[in-house]
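A.B. asks: What follows is the file input-v1.txt, containing compact mmCIF, C-alpha atoms:
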```txt
# COMPACT_ATOMS: atom_id res chain seq x y z
CA MET A 283 111.27 107.22 127.00
CA GLY A 284 111.34 108.45 123.40
CA ALA A 285 109.63 105.30 122.17
CA SER A 286 106.91 105.47 124.79
CA ARG A 287 106.17 109.13 124.03
CA SER A 288 105.84 108.50 120.30
CA MET A 289 103.60 105.54 121.16
CA THR A 290 101.40 107.89 123.20
CA GLU A 291 101.33 110.38 120.33
CA ALA A 292 100.35 107.65 117.90
CA THR A 293 97.58 106.60 120.29
CA VAL A 294 96.30 110.15 120.60
CA GLY A 295 96.41 110.39 116.81
CA LEU A 296 94.33 107.25 116.46
CA GLU A 297 91.79 108.49 119.02
CA GLN A 298 91.41 111.71 117.03
CA GLN A 299 91.05 109.80 113.78
CA LEU A 300 88.37 107.64 115.36
CA GLU A 301 86.47 110.64 116.64
CA GLN A 302 86.63 112.36 113.27
CA ALA A 303 85.53 109.31 111.29
CA LEU A 304 82.78 108.53 113.79
CA GLY A 305 81.54 112.13 113.64
CA SER A 306 81.38 112.02 109.87
CA TRP A 307 79.61 108.67 109.95
CA VAL A 308 77.01 109.78 112.51
CA GLU A 309 76.23 112.92 110.50
CA HIS A 310 76.41 111.69 106.90
CA SER A 311 76.17 107.90 107.06
CA ASP A 312 78.77 107.49 104.30
CA GLU A 313 80.16 104.01 103.63
CA ALA A 314 83.66 105.53 103.30
CA ASP A 315 83.53 106.31 107.03
CA LEU A 316 82.98 102.66 107.81
CA ASP A 317 85.97 101.86 105.65
CA ARG A 318 87.95 104.24 107.85
CA ALA A 319 86.51 102.46 110.89
CA HIS A 320 87.95 99.26 109.47
CA ASP A 321 91.35 100.92 108.99
CA ILE A 322 91.26 102.34 112.50
CA GLY A 323 90.44 98.88 113.84
CA ARG A 324 93.45 97.43 112.02
CA THR A 325 95.73 100.10 113.46
CA ALA A 326 94.27 99.66 116.96
CA LEU A 327 94.94 95.94 116.68
CA ALA A 328 98.52 96.59 115.55
CA GLN A 329 98.96 98.98 118.47
CA ASP A 330 97.70 96.30 120.82
CA TRP A 331 94.56 98.05 122.01
CA SER A 332 92.42 95.69 124.05
CA ILE A 333 88.80 95.24 122.99
CA PRO A 334 87.47 96.96 126.17
CA HIS A 335 89.87 99.84 125.47
CA LEU A 336 88.43 100.27 121.98
CA VAL A 337 84.93 100.31 123.52
CA ALA A 338 86.02 103.00 126.00
CA ILE A 339 87.63 105.17 123.32
CA HIS A 340 84.59 104.75 121.11
CA GLY A 341 82.31 105.80 123.97
CA ARG A 342 84.34 108.92 124.65
CA ALA A 343 84.38 109.84 120.95
CA LEU A 344 80.64 109.26 120.54
CA ARG A 345 79.91 111.61 123.44
CA ALA A 346 82.15 114.28 121.93
CA VAL A 347 80.47 113.91 118.55
CA LEU A 348 76.93 114.04 119.94
CA GLY A 349 77.89 116.96 122.17
CA ARG A 350 79.07 118.96 119.15
CA MET A 351 75.85 118.13 117.32
CA GLY A 352 73.87 119.46 120.26
CA VAL A 353 72.30 116.08 120.99
CA PRO A 354 71.50 115.78 124.69
CA ILE A 355 73.64 113.10 126.35
CA ASP A 356 72.74 110.95 129.30
CA ASP A 357 76.33 110.45 130.41
CA GLU A 358 75.79 108.14 133.36
CA HIS A 359 73.56 105.70 131.49
CA LEU A 360 75.84 105.69 128.45
CA ARG A 361 78.79 104.93 130.75
CA ARG A 362 76.91 102.01 132.30
CA GLY A 363 76.00 100.68 128.87
CA GLU A 364 79.64 100.79 127.81
CA ALA A 365 80.80 99.08 131.00
CA PHE A 366 78.31 96.32 130.32
CA LEU A 367 79.47 95.87 126.73
CA ALA A 368 83.12 95.90 127.84
CA GLY A 369 82.34 93.23 130.45
CA ALA A 370 80.77 90.98 127.83
CA LEU A 371 83.60 91.62 125.34
CA SER A 372 86.32 90.86 127.90
CA CYS A 373 85.76 87.15 127.23
CA TYR A 374 86.50 87.78 123.55
CA GLU A 375 89.65 89.60 124.65
CA MET A 376 90.85 86.36 126.29
CA THR A 377 90.25 84.27 123.18
CA HIS A 378 91.70 86.99 120.96
CA ARG A 379 94.91 86.94 123.00
CA GLY A 380 94.94 83.17 122.74
CA TYR A 381 94.73 83.43 118.97
CA ARG A 382 97.55 85.98 118.97
CA ASP A 383 99.70 83.61 121.06
CA ALA A 384 98.92 80.75 118.69
CA ILE A 385 100.04 82.87 115.72
CA ALA A 386 103.29 83.73 117.48
CA ALA A 387 103.87 80.05 118.28
CA SER A 388 103.13 79.08 114.70
CA ARG A 389 105.62 81.66 113.42
CA GLN A 390 108.30 80.36 115.78
CA LEU A 391 107.61 76.80 114.69
CA ASN A 392 107.90 77.75 111.02
CA ASP A 393 111.19 79.54 111.66
CA ALA A 394 112.53 76.53 113.56
CA LEU A 395 111.44 74.15 110.78
CA GLU A 396 113.11 76.30 108.13
CA GLN A 397 116.29 76.44 110.20
CA ALA A 398 116.30 72.67 110.53
CA ALA A 399 115.62 72.23 106.81
CA ARG A 400 118.46 74.64 106.02
CA ARG A 401 120.86 72.67 108.24
CA ILE A 402 119.93 69.29 106.76
CA ALA A 403 120.00 70.65 103.21
CA ARG A 404 123.49 72.03 103.76
CA ALA A 405 124.71 68.78 105.35
CA LEU A 406 123.34 66.76 102.41
CA HIS A 407 124.74 69.09 99.81
CA ASP A 408 128.12 69.96 101.32
CA GLU A 409 129.12 67.10 103.60
CA ALA A 410 127.53 64.06 101.96
CA GLY A 411 128.27 65.62 98.56
CA GLN A 412 131.97 65.94 99.45
CA VAL A 413 132.19 62.32 100.54
CA LEU A 414 130.61 61.25 97.28
CA VAL A 415 133.19 63.19 95.29
CA SER A 416 135.93 61.36 97.18
CA VAL A 417 134.25 58.03 96.50
CA HIS A 418 134.09 58.96 92.82
CA LEU A 419 137.82 59.65 92.72
CA ALA A 420 138.67 56.51 94.67
CA VAL A 421 136.58 54.35 92.32
CA ALA A 422 138.19 55.96 89.26
CA ASN A 423 141.68 55.32 90.67
CA PHE A 424 140.78 51.78 91.53
CA GLY A 425 139.34 51.27 88.04
CA ARG A 426 142.60 52.22 86.39
CA ALA A 427 144.36 49.35 88.20
CA LEU A 428 141.84 46.80 86.97
CA LEU A 429 141.90 44.61 83.89
CA PRO A 430 139.88 45.83 80.88
CA GLU A 431 137.23 43.12 81.36
CA HIS A 432 136.33 44.63 84.76
CA GLN A 433 135.85 48.15 83.40
CA ALA A 434 132.13 47.59 82.69
CA GLY A 435 131.51 46.94 86.40
CA ILE A 436 133.34 50.13 87.35
CA SER A 437 131.31 52.16 84.86
CA GLU A 438 128.11 50.76 86.34
CA ILE A 439 129.19 51.79 89.86
CA GLN A 440 130.07 55.24 88.56
CA GLY A 441 126.67 55.55 86.94
CA LEU A 442 124.92 54.61 90.19
CA LEU A 443 127.06 57.07 92.14
CA ALA A 444 126.08 59.83 89.73
CA GLN A 445 122.42 58.99 90.35
CA VAL A 446 122.89 59.15 94.12
CA GLU A 447 124.60 62.48 93.73
CA GLN A 448 121.77 63.85 91.64
CA GLN A 449 119.18 62.64 94.12
CA LEU A 450 121.09 64.19 97.01
CA ARG A 451 121.25 67.49 95.20
CA ARG A 452 117.56 67.43 94.43
CA LEU A 453 116.62 66.45 97.98
CA SER A 454 118.82 69.19 99.37
CA HIS A 455 117.23 71.70 97.03
CA GLU A 456 113.69 70.69 97.93
CA LEU A 457 114.44 70.91 101.64
CA ARG A 458 115.77 74.43 101.43
CA PRO A 459 117.04 75.84 98.15
CA THR A 460 120.19 77.90 98.65
CA VAL A 461 119.00 80.10 95.78
CA LEU A 462 116.17 81.29 98.04
CA ASP A 463 118.61 82.59 100.65
CA ASP A 464 121.20 83.79 98.16
CA LEU A 465 119.18 85.30 95.31
CA GLY A 466 115.64 85.60 96.68
CA TRP A 467 112.14 84.35 96.01
CA LEU A 468 111.83 85.08 92.29
CA PRO A 469 114.82 83.08 91.01
CA ALA A 470 113.91 80.35 93.53
CA ILE A 471 110.34 80.16 92.26
CA GLN A 472 111.48 80.25 88.62
CA PHE A 473 113.85 77.37 89.32
CA LEU A 474 111.10 75.48 91.09
CA ALA A 475 108.73 76.08 88.18
CA GLU A 476 111.25 74.74 85.66
CA GLY A 477 111.72 71.60 87.72
CA VAL A 478 107.99 70.96 88.00
CA SER A 479 107.53 71.69 84.29
CA GLN A 480 110.07 69.02 83.40
CA ARG A 481 109.03 66.39 85.90
CA ALA A 482 105.25 66.69 85.66
CA GLN A 483 104.88 67.89 82.07
CA ILE A 484 102.94 70.96 83.15
CA GLU A 485 103.51 74.34 81.58
CA VAL A 486 104.37 76.68 84.43
CA HIS A 487 104.51 80.41 83.77
CA VAL A 488 105.95 82.82 86.31
CA ARG A 489 105.34 86.54 85.95
CA SER A 490 106.33 89.32 88.30
CA ASP A 491 107.17 93.01 88.17
CA VAL A 492 108.02 93.22 91.86
CA GLY A 493 111.60 94.09 92.64
CA GLY A 494 113.42 93.82 95.95
CA ARG A 495 113.13 91.29 98.72
CA PRO A 496 110.71 91.21 101.64
CA SER A 497 111.68 89.83 105.07
CA PRO A 498 113.08 86.26 105.12
CA GLN A 499 109.86 85.04 106.82
CA VAL A 500 107.65 86.54 104.11
CA GLU A 501 109.96 85.29 101.38
CA THR A 502 109.90 81.79 102.82
CA ALA A 503 106.08 81.88 103.17
CA LEU A 504 105.77 82.92 99.52
CA TYR A 505 108.14 80.22 98.30
CA ARG A 506 106.60 77.44 100.42
CA THR A 507 103.07 78.35 99.34
CA VAL A 508 104.02 78.25 95.66
CA GLN A 509 105.88 74.98 96.27
CA GLU A 510 102.84 73.41 97.95
CA ALA A 511 100.49 74.71 95.25
CA LEU A 512 102.70 73.33 92.46
CA THR A 513 103.00 69.99 94.26
CA ASN A 514 99.21 69.82 94.55
CA ALA A 515 98.76 70.83 90.92
CA ALA A 516 101.22 68.12 89.79
CA ARG A 517 99.78 65.41 92.01
CA HIS A 518 96.04 65.91 92.00
CA SER A 519 94.86 68.48 89.48
CA GLN A 520 95.74 66.90 86.11
CA ALA A 521 96.41 70.47 85.05
CA SER A 522 98.26 71.20 81.82
CA ARG A 523 99.15 74.76 82.78
CA VAL A 524 99.82 76.73 85.95
CA ASP A 525 100.19 80.51 86.08
CA ILE A 526 101.99 82.25 88.90
CA GLU A 527 101.70 86.03 89.04
CA VAL A 528 103.25 88.15 91.76
CA GLU A 529 102.47 91.82 91.99
CA ARG A 530 102.32 94.70 94.41
CA ASP A 531 98.95 95.56 95.92
CA GLY A 532 99.33 98.60 98.15
CA GLY A 533 101.60 97.65 101.02
CA MET A 534 101.07 93.98 100.25
CA LEU A 535 102.50 91.45 97.88
CA ARG A 536 99.81 89.56 95.99
CA CYS A 537 100.55 86.16 94.52
CA LEU A 538 98.01 84.52 92.30
CA ILE A 539 98.43 80.84 91.44
CA SER A 540 95.89 79.42 89.02
CA ASP A 541 95.69 76.12 87.18
CA ASP A 542 93.40 74.63 84.53
CA GLY A 543 93.02 71.30 86.33
CA VAL A 544 90.04 69.34 87.61
CA GLY A 545 89.49 71.54 90.70
CA PHE A 546 87.88 70.24 93.86
CA GLU A 547 84.88 70.69 96.12
CA PRO A 548 85.98 73.15 98.81
CA GLY A 549 85.98 71.78 102.34
CA THR A 550 86.30 68.17 101.34
CA GLY A 551 88.93 65.51 101.43
CA ARG A 552 92.68 65.80 101.31
CA ALA A 553 92.73 69.27 99.82
CA GLY A 554 91.55 70.64 103.17
CA LEU A 555 94.70 69.82 105.11
CA GLY A 556 97.18 71.23 102.65
CA LEU A 557 95.15 74.43 102.34
CA LEU A 558 94.94 74.72 106.12
CA GLY A 559 98.73 74.54 106.27
CA MET A 560 99.05 77.25 103.62
CA ARG A 561 96.54 79.42 105.45
CA GLU A 562 98.35 79.02 108.78
CA ARG A 563 101.62 79.92 107.15
CA ALA A 564 100.08 83.08 105.70
CA ASP A 565 98.47 83.99 109.05
CA ALA A 566 101.75 83.53 110.86
CA VAL A 567 103.42 86.33 108.90
CA GLY A 568 100.39 88.63 108.90
CA GLY A 569 99.17 87.60 105.45
CA ARG A 570 95.98 86.13 104.04
CA LEU A 571 95.11 83.30 101.69
CA SER A 572 92.03 82.66 99.62
CA VAL A 573 91.24 79.61 97.53
CA VAL A 574 88.59 79.42 94.85
CA SER A 575 87.85 76.07 93.26
CA GLN A 576 85.02 73.94 91.95
CA PRO A 577 85.07 70.57 90.28
CA GLY A 578 85.84 71.21 86.61
CA THR A 579 86.93 74.84 86.89
CA GLY A 580 90.54 74.65 88.05
CA THR A 581 91.93 76.18 91.20
CA ARG A 582 92.82 79.78 92.00
CA ILE A 583 94.90 80.51 95.06
CA THR A 584 95.49 84.12 96.07
CA LEU A 585 98.06 84.92 98.72
CA TRP A 586 98.58 88.37 100.23
CA LEU A 587 101.72 89.00 102.23
CA PRO A 588 102.80 92.17 104.03
CA LEU A 589 105.79 93.96 102.54
CA GLY A 590 106.42 95.69 105.87
CA GLU A 591 107.62 98.98 104.38
CA MET B 1126 98.61 101.74 149.51
CA SER B 1127 95.27 100.43 150.62
CA ASP B 1128 94.83 97.49 152.95
CA PRO B 1129 94.63 93.96 151.65
CA VAL B 1130 91.14 92.55 151.24
CA GLU B 1131 90.30 88.90 151.76
CA MET B 1132 86.93 87.50 150.81
CA ASN B 1133 85.38 84.11 151.37
CA ILE B 1134 84.02 82.66 148.17
CA SER B 1135 81.31 80.02 148.15
CA SER B 1136 78.47 81.37 146.04
CA ASP B 1137 77.71 83.35 142.90
CA MET B 1138 77.03 86.34 145.13
CA ASP B 1139 80.57 86.10 146.48
CA VAL B 1140 81.90 86.02 142.91
CA VAL B 1141 80.06 89.27 142.24
CA ARG B 1142 81.43 90.86 145.42
CA ALA B 1143 84.98 89.78 144.54
CA ARG B 1144 84.88 91.31 141.08
CA GLN B 1145 83.28 94.48 142.43
CA GLU B 1146 86.10 94.80 145.02
CA GLY B 1147 88.69 94.07 142.36
CA ARG B 1148 87.32 96.68 140.01
CA SER B 1149 87.21 99.43 142.65
CA LYS B 1150 90.66 98.58 143.95
CA ALA B 1151 92.06 98.61 140.41
CA LEU B 1152 90.55 102.04 139.73
CA LEU B 1153 91.85 103.28 143.10
CA ILE B 1154 95.39 102.18 142.22
CA GLY B 1155 95.15 104.06 138.95
CA PHE B 1156 94.28 101.44 136.35
CA SER B 1157 92.13 102.67 133.45
CA VAL B 1158 88.47 101.67 133.24
CA SER B 1159 89.31 99.14 130.50
CA GLU B 1160 92.10 97.56 132.52
CA ALA B 1161 89.83 97.43 135.56
CA THR B 1162 87.28 95.58 133.39
CA LEU B 1163 89.87 92.96 132.44
CA ILE B 1164 90.95 92.62 136.09
CA ALA B 1165 87.32 92.10 137.14
CA THR B 1166 87.00 89.48 134.40
CA ALA B 1167 90.08 87.62 135.64
CA ILE B 1168 88.78 87.67 139.23
CA SER B 1169 85.45 86.42 137.96
CA GLU B 1170 87.08 83.43 136.25
CA LEU B 1171 89.20 82.57 139.31
CA ALA B 1172 86.35 82.95 141.81
CA ARG B 1173 83.98 80.97 139.58
CA ASN B 1174 86.54 78.15 139.46
CA ILE B 1175 86.54 78.06 143.27
CA VAL B 1176 82.75 77.79 143.43
CA SER B 1177 82.59 75.20 140.64
CA TYR B 1178 85.46 72.90 141.57
CA ALA B 1179 86.17 73.39 145.30
CA GLY B 1180 82.87 74.69 146.65
CA GLU B 1181 84.59 77.27 148.80
CA GLY B 1182 87.79 79.24 149.11
CA VAL B 1183 89.16 82.74 149.40
CA VAL B 1184 90.12 85.54 147.03
CA ALA B 1185 92.61 88.08 148.36
CA LEU B 1186 93.45 91.41 146.74
CA GLN B 1187 96.51 93.45 147.57
CA ALA B 1188 97.96 96.58 146.03
CA VAL B 1189 101.70 96.27 145.53
CA GLN B 1190 104.54 98.64 144.85
CA THR B 1191 108.04 97.55 143.86
CA GLY B 1192 110.46 100.23 142.79
CA SER B 1193 108.71 102.40 140.26
CA ARG B 1194 106.03 99.84 139.49
CA SER B 1195 102.65 99.58 141.11
CA GLY B 1196 100.01 96.99 140.56
CA LEU B 1197 97.51 94.57 141.97
CA VAL B 1198 98.05 91.04 143.26
CA ILE B 1199 95.16 88.62 143.27
CA VAL B 1200 95.36 85.33 145.15
CA ALA B 1201 92.64 82.73 144.71
CA ALA B 1202 93.02 79.76 147.07
CA ASP B 1203 90.91 76.76 147.91
CA LYS B 1204 91.28 73.42 149.70
CA GLY B 1205 89.36 71.54 147.05
CA PRO B 1206 90.30 68.43 145.06
CA GLY B 1207 93.23 70.20 143.39
CA ILE B 1208 94.42 69.80 139.84
CA ALA B 1209 96.09 66.51 138.92
CA ASN B 1210 97.68 67.80 135.76
CA VAL B 1211 98.53 71.48 136.00
CA SER B 1212 100.08 71.84 132.56
CA LEU B 1213 96.99 70.25 131.03
CA ALA B 1214 94.74 72.68 132.92
CA LEU B 1215 96.72 75.58 131.50
CA ARG B 1216 96.35 74.33 127.96
CA ASP B 1217 93.66 75.80 125.73
CA GLY B 1218 90.76 73.49 125.15
CA TYR B 1219 90.93 71.74 128.49
CA SER B 1220 87.90 71.37 130.72
CA SER B 1221 84.94 73.71 130.92
CA SER B 1222 86.19 76.45 128.62
CA GLY B 1223 85.69 74.12 125.65
CA GLY B 1224 88.71 75.11 123.60
CA LEU B 1225 87.96 78.80 123.45
CA GLY B 1226 90.97 79.96 125.42
CA LEU B 1227 88.93 81.10 128.43
CA GLY B 1228 89.38 79.72 131.97
CA LEU B 1229 92.89 79.59 133.40
CA PRO B 1230 94.70 80.09 130.05
CA GLY B 1231 92.50 83.14 129.51
CA VAL B 1232 93.29 84.55 132.95
CA ARG B 1233 96.98 84.04 132.32
CA ARG B 1234 96.70 86.11 129.12
CA LEU B 1235 94.85 88.95 130.82
CA MET B 1236 97.42 89.24 133.61
CA ASP B 1237 101.15 90.05 133.57
CA GLU B 1238 102.24 87.32 135.98
CA PHE B 1239 100.66 84.00 136.71
CA ASP B 1240 101.53 81.32 139.24
CA LEU B 1241 99.62 78.17 140.04
CA VAL B 1242 100.31 75.69 142.86
CA SER B 1243 98.14 72.63 143.09
CA ALA B 1244 98.23 68.97 143.97
CA PRO B 1245 95.49 66.34 144.08
CA GLY B 1246 93.75 66.50 147.47
CA ARG B 1247 95.61 69.58 148.60
CA GLY B 1248 93.73 72.36 146.93
CA THR B 1249 94.74 75.02 144.46
CA THR B 1250 96.33 78.45 144.82
CA VAL B 1251 96.48 80.79 141.86
CA THR B 1252 98.45 84.02 142.22
CA VAL B 1253 98.27 86.62 139.48
CA LYS B 1254 99.68 90.13 139.17
CA LYS B 1255 98.76 93.00 136.95
CA TRP B 1256 101.14 95.93 136.66
CA ARG B 1257 100.09 99.43 135.74
CA PRO B 1258 101.47 100.38 132.36
CA ARG B 1259 104.39 102.76 132.82
CA MET B 1260 103.89 106.23 131.44
```
Could you rewrite the structure in this file as structure tokens?

C.D. replies:
Amino acid sequence: MGASRSMTEATVGLEQQLEQALGSWVEHSDEADLDRAHDIGRTALAQDWSIPHLVAIHGRALRAVLGRMGVPIDDEHLRRGEAFLAGALSCYEMTHRGYRDAIAASRQLNDALEQAARRIARALHDEAGQVLVSVHLAVANFGRALLPEHQAGISEIQGLLAQVEQQLRRLSHELRPTVLDDLGWLPAIQFLAEGVSQRAQIEVHVRSDVGGRPSPQVETALYRTVQEALTNAARHSQASRVDIEVERDGGMLRCLISDDGVGFEPGTGRAGLGLLGMRERADAVGGRLSVVSQPGTGTRITLWLPLGE
Amino acid sequence: MSDPVEMNISSDMDVVRARQEGRSKALLIGFSVSEATLIATAISELARNIVSYAGEGVVALQAVQTGSRSGLVIVAADKGPGIANVSLALRDGYSSSGGLGLGLPGVRRLMDEFDLVSAPGRGTTVTVKKWRPRM
């Protein structure tokens, strides 16, 4: 009951805000009022107002505003006009709800994928890793019983085993770095950046003054986006330097990833798919992604994610 | 509660009558004007499907009350060709709605409950319910 009453109060509050902003807009035509309209729309969306409901509330507010200004109101015809608009917009309400469902499904899918990646990463690292350690010991024991002329063969096997172990560790880390769960996005991204620096001979600089940790979904989205961007930079961009900056922007986290590579023509080729994936990932957690690139000018990716405070 | 209404649907005029009935019944039960608009839209989609795919059928409206909840049940039934693949018909992008999430998937999203029974050659019955939000 408590929750539903506070919901009603919040709704009444939003209606009043709308009426006030609308009144100011109708009288003074100030752009700031339209900015408030935008904010009110965001809140209405978050509170799950339907599009026809917003039309109805707007109609009621407009009548109140005009009434106060002494403008004569033709109530019945206004009401009919609103009903007509609401009827037309009800189709958009259907597609809007479809989009909302798709976002929810995408978020669930991402969560499930991360869970699976976490499980496989742990199995590779812990279980397969343990077996390898035992093999190591067994080979070493066996080696001690052999004649000196067979020692070279044993050393070779040990060298190969060490390589397998290293590959397992790297694979496990790429699948789902434990540092991301244990220490958070910043150490995970720094570790990732070091790895890419070494492997691809790209200077990667990470800068952030943001403390604390957002929700696991947001943290994962941030990490995966940086991972994808660095992979793209290493594979396709021929960049010599990538800069990653994370900072606070109001209630959002803003991550800027820029490189000095060859860039690409937006909307063409392979780049499209990877960017679509990044965008969907951002959408799924209530964030936003923008990409600016042109052949010859490098690539700038900006990601905004909600901090949910 | 008011009496159930059953309407034969075979023309665009019948579609209009069905949505008009649905809207007034919704308002009578206590739905807001906006909710009544969405109910009329859902009825429109269902009745239009009957005209387009089966030629004729019926739309029935019935106010319901269970426990503390009250709402409206809409049944759209026809004896047309039926739907061969129901799950496909409920997927966005199938058939006439052209991937926009209208049609049956759209109706499902506007309503609280959705049930579809259909088989090739045996017609289609869609039953949807909309509950009044609890205060």

A.B. asks: Separation of atom CA of A:Leu360 and atom CA of A:Gln298, in Å?

C.D. replies: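 Separating atom CA of A:Leu360 from atom CA of A:Gln298 is a distance of 20.2 Å.
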
A.B. asks: Can you pull out the residues contacting stretch 414-418 of chain A? Cut-off 10 Å, using all atoms listed in the file, and skip same-chain residues under 2 positions away; I want them as a list in words.

C.D. replies: Asp408, Glu409, Ala410, Gly411, Gln412, Ala420, Val421, Ala422, Asn423, Phe424, Ile439, Gln440, Leu443, Ala444, Val446, Glu447 and Leu450 of chain A

A.B. asks: Pull the closest atom pair for each residue of chain A that gets at most 12 Å from chain B, along with the distance in Å to one decimal, counting only C-alpha atoms, ordering rows by chain and then ascending residue number, as JSON lines.

C.D. replies:
```
{"residue": "A:Met283", "atom": "CA", "partner": "B:Met1260", "partner_atom": "CA", "distance": 8.7}
{"residue": "A:Gly284", "atom": "CA", "partner": "B:Met1260", "partner_atom": "CA", "distance": 11.2}
{"residue": "A:Ala285", "atom": "CA", "partner": "B:Met1260", "partner_atom": "CA", "distance": 10.9}
{"residue": "A:Ser286", "atom": "CA", "partner": "B:Met1260", "partner_atom": "CA", "distance": 7.3}
{"residue": "A:Arg287", "atom": "CA", "partner": "B:Met1260", "partner_atom": "CA", "distance": 8.3}
{"residue": "A:Ser288", "atom": "CA", "partner": "B:Met1260", "partner_atom": "CA", "distance": 11.5}
{"residue": "A:Met289", "atom": "CA", "partner": "B:Met1260", "partner_atom": "CA", "distance": 10.3}
{"residue": "A:Thr290", "atom": "CA", "partner": "B:Met1260", "partner_atom": "CA", "distance": 8.8}
{"residue": "A:Trp331", "atom": "CA", "partner": "B:Ser1159", "partner_atom": "CA", "distance": 10.0}
{"residue": "A:Ser332", "atom": "CA", "partner": "B:Ser1159", "partner_atom": "CA", "distance": 7.9}
{"residue": "A:Ile333", "atom": "CA", "partner": "B:Ser1159", "partner_atom": "CA", "distance": 8.5}
{"residue": "A:Pro334", "atom": "CA", "partner": "B:Ser1159", "partner_atom": "CA", "distance": 5.2}
{"residue": "A:His335", "atom": "CA", "partner": "B:Ser1159", "partner_atom": "CA", "distance": 5.1}
{"residue": "A:Leu336", "atom": "CA", "partner": "B:Ser1159", "partner_atom": "CA", "distance": 8.6}
{"residue": "A:Val337", "atom": "CA", "partner": "B:Ser1159", "partner_atom": "CA", "distance": 8.3}
{"residue": "A:Ala338", "atom": "CA", "partner": "B:Ser1159", "partner_atom": "CA", "distance": 6.8}
{"residue": "A:Ile339", "atom": "CA", "partner": "B:Ser1159", "partner_atom": "CA", "distance": 9.5}
{"residue": "A:His340", "atom": "CA", "partner": "B:Ser1159", "partner_atom": "CA", "distance": 11.9}
{"residue": "A:Gly341", "atom": "CA", "partner": "B:Ser1159", "partner_atom": "CA", "distance": 11.7}
{"residue": "A:Arg342", "atom": "CA", "partner": "B:Val1158", "partner_atom": "CA", "distance": 12.0}
{"residue": "A:Arg361", "atom": "CA", "partner": "B:Val1158", "partner_atom": "CA", "distance": 10.5}
{"residue": "A:Arg362", "atom": "CA", "partner": "B:Val1158", "partner_atom": "CA", "distance": 11.6}
{"residue": "A:Glu364", "atom": "CA", "partner": "B:Ser1159", "partner_atom": "CA", "distance": 10.2}
{"residue": "A:Ala365", "atom": "CA", "partner": "B:Thr1162", "partner_atom": "CA", "distance": 7.7}
{"residue": "A:Phe366", "atom": "CA", "partner": "B:Thr1162", "partner_atom": "CA", "distance": 9.5}
{"residue": "A:Leu367", "atom": "CA", "partner": "B:Thr1162", "partner_atom": "CA", "distance": 10.3}
{"residue": "A:Ala368", "atom": "CA", "partner": "B:Thr1162", "partner_atom": "CA", "distance": 6.9}
{"residue": "A:Gly369", "atom": "CA", "partner": "B:Thr1162", "partner_atom": "CA", "distance": 6.2}
{"residue": "A:Ala370", "atom": "CA", "partner": "B:Thr1166", "partner_atom": "CA", "distance": 9.2}
{"residue": "A:Leu371", "atom": "CA", "partner": "B:Leu1163", "partner_atom": "CA", "distance": 9.6}
{"residue": "A:Ser372", "atom": "CA", "partner": "B:Leu1163", "partner_atom": "CA", "distance": 6.1}
{"residue": "A:Cys373", "atom": "CA", "partner": "B:Leu1227", "partner_atom": "CA", "distance": 6.9}
{"residue": "A:Tyr374", "atom": "CA", "partner": "B:Leu1227", "partner_atom": "CA", "distance": 8.6}
{"residue": "A:Glu375", "atom": "CA", "partner": "B:Leu1235", "partner_atom": "CA", "distance": 8.1}
{"residue": "A:Met376", "atom": "CA", "partner": "B:Gly1231", "partner_atom": "CA", "distance": 4.8}
{"residue": "A:Thr377", "atom": "CA", "partner": "B:Gly1226", "partner_atom": "CA", "distance": 4.9}
{"residue": "A:His378", "atom": "CA", "partner": "B:Gly1226", "partner_atom": "CA", "distance": 8.4}
{"residue": "A:Arg379", "atom": "CA", "partner": "B:Arg1234", "partner_atom": "CA", "distance": 6.4}
{"residue": "A:Gly380", "atom": "CA", "partner": "B:Gly1226", "partner_atom": "CA", "distance": 5.8}
{"residue": "A:Tyr381", "atom": "CA", "partner": "B:Gly1226", "partner_atom": "CA", "distance": 8.2}
{"residue": "A:Arg382", "atom": "CA", "partner": "B:Arg1234", "partner_atom": "CA", "distance": 10.2}
{"residue": "A:Asp383", "atom": "CA", "partner": "B:Arg1234", "partner_atom": "CA", "distance": 9.0}
{"residue": "A:Ala384", "atom": "CA", "partner": "B:Asp1217", "partner_atom": "CA", "distance": 10.1}
```

A.B. asks: So the first atom is atom CA of A:Val528 and the second is atom CA of A:Phe546; what is the distance between them in Å, to one decimal place?

C.D. replies: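 Separation of atom CA of A:Val528 and atom CA of A:Phe546: 23.7 Å.
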
A.B. asks: Taking (91.7, 72.6, 85.6) in the file's own coordinates, collect the residues within 8 Å, counting only C-alpha atoms, and hand them back as a JSON list (two decimals) with C-alpha atoms, in the coordinates of the input.

C.D. replies:
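Output file result-v1.json follows:
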```json
[["chain", "number", "residue", "atom", "x", "y", "z"],
["A", 519, "SER", "CA", 94.86, 68.48, 89.48],
["A", 520, "GLN", "CA", 95.74, 66.90, 86.11],
["A", 521, "ALA", "CA", 96.41, 70.47, 85.05],
["A", 522, "SER", "CA", 98.26, 71.20, 81.82],
["A", 541, "ASP", "CA", 95.69, 76.12, 87.18],
["A", 542, "ASP", "CA", 93.40, 74.63, 84.53],
["A", 543, "GLY", "CA", 93.02, 71.30, 86.33],
["A", 544, "VAL", "CA", 90.04, 69.34, 87.61],
["A", 545, "GLY", "CA", 89.49, 71.54, 90.70],
["A", 578, "GLY", "CA", 85.84, 71.21, 86.61],
["A", 579, "THR", "CA", 86.93, 74.84, 86.89],
["A", 580, "GLY", "CA", 90.54, 74.65, 88.05],
["A", 581, "THR", "CA", 91.93, 76.18, 91.20]]
```

A.B. asks: Just how far from atom CA of B:Pro1206 is atom CA of B:Tyr1178, in Å to one decimal?

C.D. replies: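 Spanning atom CA of B:Tyr1178 to atom CA of B:Pro1206 is a straight-line distance of 7.5 Å.
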